[in-house]
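Here is the structure we will look at.
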Amino acid sequence: MINYDDEARTYDASRGGEPRAEAAAAAVEPLLPRGPSTILDIACGTGIVTSRLRGPERTVVGVDRSPGMLSLAGQRLPGGVVCGDATRLPFASKGVDAVVIVWLLHLLPDPASVLAEAARVLRPGGVLITTVDKNDAHFAEDSDIAQVTADLRRQYAPRVPDDSARVLGRAAELGLGLAGQTVFPGIGQGRSPHGWRQAIEAGRIPWYTDAAAPDEASEAHRRLAALPDQDRARPDPLYRLIALRA
């Protein structure tokens, strides 16, 4: 698991920086309620996306459990960040108009408790906006990397925490229905074969480390190493956002 306190200072630069944050915020914006509203951004990290959601009629609050991340978020949102756990939010029930969760559900063993907390704090008619299907984002466009990793990713698919069908099913149990969806690019985040091998070797790719038999994993790694243009980035990922209304 990533130590977000340790990574806080370099986190934005390693995740696409301002361009990716701008793309994410621009995708979230049309899904947010109009008029006076309170927006809660769960796992806000450095606040690089959260700060872009502010508006003249909005109160925007970021919550994260990493003090290192919050120290940076607090500079972007003075007085607008709270230290808290996504499974035990320090907010009253039915108190916010929208909850935003970007790049969190894919990190969890099971997103059910986080979704339940988000539903708890939403007012009737409020909206939960979250990324889903993050593992698929890098393969939205076909590529040679997509082809040589397809079998491993297919094996891992039943275990994906933020699988959209799984999230929608849990949301329906909580009284949340699909109200909208969109996609946005991870600008400059396309990986080369060499980049994928580095990420795999660092243990950061769950469909490789958690789903593959050793011989199949070794074969996929060998095929990645045999691809041409080892340092040429393939297409940027395409992230998916869904909006769920209470």
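Ordered as shown in the structure tokens, chains take letters A, B, and onward, while each chain numbers its residues from 1 and ligands are numbered from 1 in the order shown.
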
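Taking only region 117-150 of chain A, the residues that DSSP calls strand (DSSP E) from the backbone come to A:Leu122, A:Arg123, A:Pro124, A:Gly125, A:Gly126, A:Val127, A:Leu128, A:Ile129, A:Thr130, A:Thr131, A:Val132.
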
Please produce an output containing C-alpha atoms for each residue in the selection, written as a compact mmCIF listing (two decimals), in the first residue's frame.
```txt
# COMPACT_ATOMS: atom_id res chain seq x y z
CA LEU A 122 -26.16 12.86 1.19
CA ARG A 123 -29.33 14.86 1.34
CA PRO A 124 -32.37 13.46 -0.53
CA GLY A 125 -31.79 14.31 -4.17
CA GLY A 126 -28.05 14.63 -3.60
CA VAL A 127 -25.49 13.13 -5.95
CA LEU A 128 -22.49 10.86 -5.49
CA ILE A 129 -19.86 11.21 -8.22
CA THR A 130 -17.12 8.60 -8.41
CA THR A 131 -14.53 7.12 -10.71
CA VAL A 132 -15.00 3.46 -11.63
```

Pick out the residues sitting within 10 Å of Ala118 (chain A), and hand them over as a PyMOL selection string; count only C-alpha atoms, and ignore anything fewer than 4 positions along from it in its own chain.
chain A and resi 40+42+86-89+93-94+96+98-101+112-114+122+127-129+174

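Considering only C-alpha atoms, the residue among A:Ala172, A:Ile205, A:Ala179, A:Ile48 positioned nearest to Ala119 (chain A) is A:Ala172.
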
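Atom to atom, CA of Leu168 (chain A) and CA of Arg240 (chain A) stand 13.3 Å apart.
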
I need the residues in region 33-212 of chain A that are alpha helix (DSSP H) according to DSSP; give them as an MDAnalysis selection string.
chainID A and resid 67:76 112:121 134:137 144:156 164:173 193:201 206:209

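Around region 146-153 of chain A, within 8 Å and counting only C-alpha atoms, the residues found are Phe139, Asp142, Ser143, Asp144, Gln155, Tyr156, Ala157, Trp207, Tyr208, Ala211, Ala212, Glu216, Ala217, Ala220, Arg223 and Leu224 of chain A, once anything fewer than 2 positions away on its own chain is removed.
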
At a cut-off of 10 Å, using only C-alpha atoms, what residues contact His138 (chain A)? Leave out same-chain residues fewer than 3 positions from it and give the result as a PDB file with N, CA, C and O atoms, in the first residue's frame.
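File part_10.pdb, as written:
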```pdb
ATOM      1  N   LYS A 134     -11.118   1.777 -12.985  1.00  0.00           N
ATOM      2  CA  LYS A 134      -9.815   2.397 -13.210  1.00  0.00           C
ATOM      3  C   LYS A 134      -8.829   1.461 -13.913  1.00  0.00           C
ATOM      4  O   LYS A 134      -8.005   1.907 -14.713  1.00  0.00           O
ATOM      5  N   ASN A 135      -8.901   0.157 -13.616  1.00  0.00           N
ATOM      6  CA  ASN A 135      -7.984  -0.776 -14.264  1.00  0.00           C
ATOM      7  C   ASN A 135      -8.149  -0.815 -15.774  1.00  0.00           C
ATOM      8  O   ASN A 135      -7.212  -1.150 -16.495  1.00  0.00           O
ATOM      9  N   GLU A 141      -8.305   2.376 -25.342  1.00  0.00           N
ATOM     10  CA  GLU A 141      -7.872   2.278 -26.736  1.00  0.00           C
ATOM     11  C   GLU A 141      -6.989   1.048 -26.875  1.00  0.00           C
ATOM     12  O   GLU A 141      -6.137   0.781 -26.030  1.00  0.00           O
ATOM     13  N   ASP A 142      -7.189   0.306 -27.966  1.00  0.00           N
ATOM     14  CA  ASP A 142      -6.409  -0.904 -28.169  1.00  0.00           C
ATOM     15  C   ASP A 142      -4.937  -0.551 -28.403  1.00  0.00           C
ATOM     16  O   ASP A 142      -4.614   0.510 -28.931  1.00  0.00           O
ATOM     17  N   SER A 143      -4.061  -1.434 -27.962  1.00  0.00           N
ATOM     18  CA  SER A 143      -2.629  -1.259 -28.163  1.00  0.00           C
ATOM     19  C   SER A 143      -1.963  -2.622 -28.030  1.00  0.00           C
ATOM     20  O   SER A 143      -2.597  -3.594 -27.592  1.00  0.00           O
ATOM     21  N   ILE A 145       0.221  -3.352 -25.835  1.00  0.00           N
ATOM     22  CA  ILE A 145       0.249  -3.645 -24.406  1.00  0.00           C
ATOM     23  C   ILE A 145      -1.086  -4.232 -23.966  1.00  0.00           C
ATOM     24  O   ILE A 145      -1.132  -5.204 -23.196  1.00  0.00           O
ATOM     25  N   ALA A 146      -2.182  -3.676 -24.455  1.00  0.00           N
ATOM     26  CA  ALA A 146      -3.501  -4.212 -24.123  1.00  0.00           C
ATOM     27  C   ALA A 146      -3.615  -5.666 -24.543  1.00  0.00           C
ATOM     28  O   ALA A 146      -4.163  -6.503 -23.810  1.00  0.00           O
ATOM     29  N   PRO A 185      -9.673  12.246 -19.985  1.00  0.00           N
ATOM     30  CA  PRO A 185      -8.359  11.654 -20.258  1.00  0.00           C
ATOM     31  C   PRO A 185      -7.374  11.872 -19.115  1.00  0.00           C
ATOM     32  O   PRO A 185      -7.396  12.901 -18.438  1.00  0.00           O
ATOM     33  N   GLY A 186      -6.513  10.901 -18.905  1.00  0.00           N
ATOM     34  CA  GLY A 186      -5.378  11.056 -18.006  1.00  0.00           C
ATOM     35  C   GLY A 186      -4.218  11.625 -18.803  1.00  0.00           C
ATOM     36  O   GLY A 186      -3.351  10.879 -19.282  1.00  0.00           O
ATOM     37  N   GLN A 189      -0.443  10.422 -19.160  1.00  0.00           N
ATOM     38  CA  GLN A 189      -0.306   9.252 -18.286  1.00  0.00           C
ATOM     39  C   GLN A 189      -0.190   7.934 -19.041  1.00  0.00           C
ATOM     40  O   GLN A 189      -0.165   6.871 -18.421  1.00  0.00           O
ATOM     41  N   GLY A 190      -0.124   7.987 -20.353  1.00  0.00           N
ATOM     42  CA  GLY A 190       0.095   6.761 -21.114  1.00  0.00           C
ATOM     43  C   GLY A 190       1.442   6.140 -20.746  1.00  0.00           C
ATOM     44  O   GLY A 190       2.426   6.857 -20.577  1.00  0.00           O
ATOM     45  N   ARG A 191       1.474   4.803 -20.616  1.00  0.00           N
ATOM     46  CA  ARG A 191       2.695   4.117 -20.206  1.00  0.00           C
ATOM     47  C   ARG A 191       3.337   3.387 -21.382  1.00  0.00           C
ATOM     48  O   ARG A 191       2.661   2.851 -22.255  1.00  0.00           O
ATOM     49  N   ARG A 234       2.183   4.546 -24.767  1.00  0.00           N
ATOM     50  CA  ARG A 234       0.984   4.184 -25.520  1.00  0.00           C
ATOM     51  C   ARG A 234      -0.131   5.167 -25.157  1.00  0.00           C
ATOM     52  O   ARG A 234       0.081   6.120 -24.421  1.00  0.00           O
ATOM     53  N   PRO A 235      -1.363   4.988 -25.681  1.00  0.00           N
ATOM     54  CA  PRO A 235      -2.417   6.003 -25.485  1.00  0.00           C
ATOM     55  C   PRO A 235      -2.660   6.349 -24.019  1.00  0.00           C
ATOM     56  O   PRO A 235      -2.553   5.502 -23.122  1.00  0.00           O
ATOM     57  N   ASP A 236      -3.005   7.607 -23.796  1.00  0.00           N
ATOM     58  CA  ASP A 236      -3.372   8.047 -22.453  1.00  0.00           C
ATOM     59  C   ASP A 236      -4.582   7.256 -21.949  1.00  0.00           C
ATOM     60  O   ASP A 236      -5.452   6.861 -22.734  1.00  0.00           O
ATOM     61  N   PRO A 237      -4.655   7.025 -20.642  1.00  0.00           N
ATOM     62  CA  PRO A 237      -5.844   6.371 -20.090  1.00  0.00           C
ATOM     63  C   PRO A 237      -7.082   7.245 -20.254  1.00  0.00           C
ATOM     64  O   PRO A 237      -6.987   8.465 -20.381  1.00  0.00           O
ATOM     65  N   LEU A 238      -8.224   6.595 -20.256  1.00  0.00           N
ATOM     66  CA  LEU A 238      -9.504   7.287 -20.342  1.00  0.00           C
ATOM     67  C   LEU A 238     -10.324   6.850 -19.134  1.00  0.00           C
ATOM     68  O   LEU A 238     -10.790   5.708 -19.053  1.00  0.00           O
ATOM     69  N   TYR A 239     -10.476   7.763 -18.156  1.00  0.00           N
ATOM     70  CA  TYR A 239     -11.130   7.438 -16.890  1.00  0.00           C
ATOM     71  C   TYR A 239     -12.643   7.638 -16.981  1.00  0.00           C
ATOM     72  O   TYR A 239     -13.127   8.535 -17.670  1.00  0.00           O
TER      73      TYR A 239
END
```

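Those residues that approach Leu77 (chain A) to within 10 Å, counting only C-alpha atoms, are Thr46, Gly47, Ile48, Thr50, Ser51, Arg52, Arg54, Val60, Val61, Gly62, Leu70 and Leu72 of chain A; same-chain residues fewer than 5 positions away are not listed.
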
Can you tell me which residues surround Leu176 (chain A) at a distance of at most 6 Å, considering only C-alpha atoms, apart from same-chain residues fewer than 4 positions away, and format the answer as a VMD selection string?
chain A and resid 171 to 172 244 to 246

Preceding selection exported with N, CA and C atoms as a compact mmCIF listing (two decimals), in the first residue's frame:
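Once everything was written out, this is selection-v9.txt:
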```
# COMPACT_ATOMS: atom_id res chain seq x y z
N ALA A 171 -24.77 0.48 -5.02
CA ALA A 171 -25.46 1.77 -4.95
C ALA A 171 -26.97 1.59 -4.95
N ALA A 172 -27.47 0.67 -5.76
CA ALA A 172 -28.91 0.43 -5.82
C ALA A 172 -29.43 -0.05 -4.46
N LEU A 244 -24.45 9.15 -9.18
CA LEU A 244 -25.51 8.37 -8.56
C LEU A 244 -26.36 9.30 -7.71
N ARG A 245 -27.68 9.28 -7.95
CA ARG A 245 -28.54 10.22 -7.23
C ARG A 245 -29.31 9.52 -6.12
N ALA A 246 -29.35 10.19 -4.97
CA ALA A 246 -30.08 9.64 -3.82
C ALA A 246 -31.58 9.85 -4.00
```

Can you work out which one of A:Ile242, A:Ala199, A:Glu57, A:Pro19 has the shortest atom-to-atom distance to Ala165 (chain A), counting only C-alpha atoms?
A:Ile242

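Separating CA of Ala21 (chain A) from CA of Val121 (chain A) is a distance of 25.0 Å.
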
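Straight-line separation from CA of Leu107 (chain A) to CA of Ala140 (chain A): 19.8 Å.
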
Using only C-alpha atoms, which residues of region 140-214 of chain A come within 10 Å of region 102-105 of chain A, and what is the closest atom pair for each, with the distance in Å to one decimal? Give it as a Markdown table, sorted by chain and residue number.
```
| residue | atom | partner | partner_atom | distance |
| --- | --- | --- | --- | --- |
| A:Val160 | CA | A:Leu105 | CA | 9.6 |
| A:Pro161 | CA | A:Leu105 | CA | 6.5 |
| A:Asp162 | CA | A:Leu105 | CA | 5.3 |
| A:Asp163 | CA | A:Leu105 | CA | 9.1 |
| A:Val167 | CA | A:Leu105 | CA | 9.1 |
```
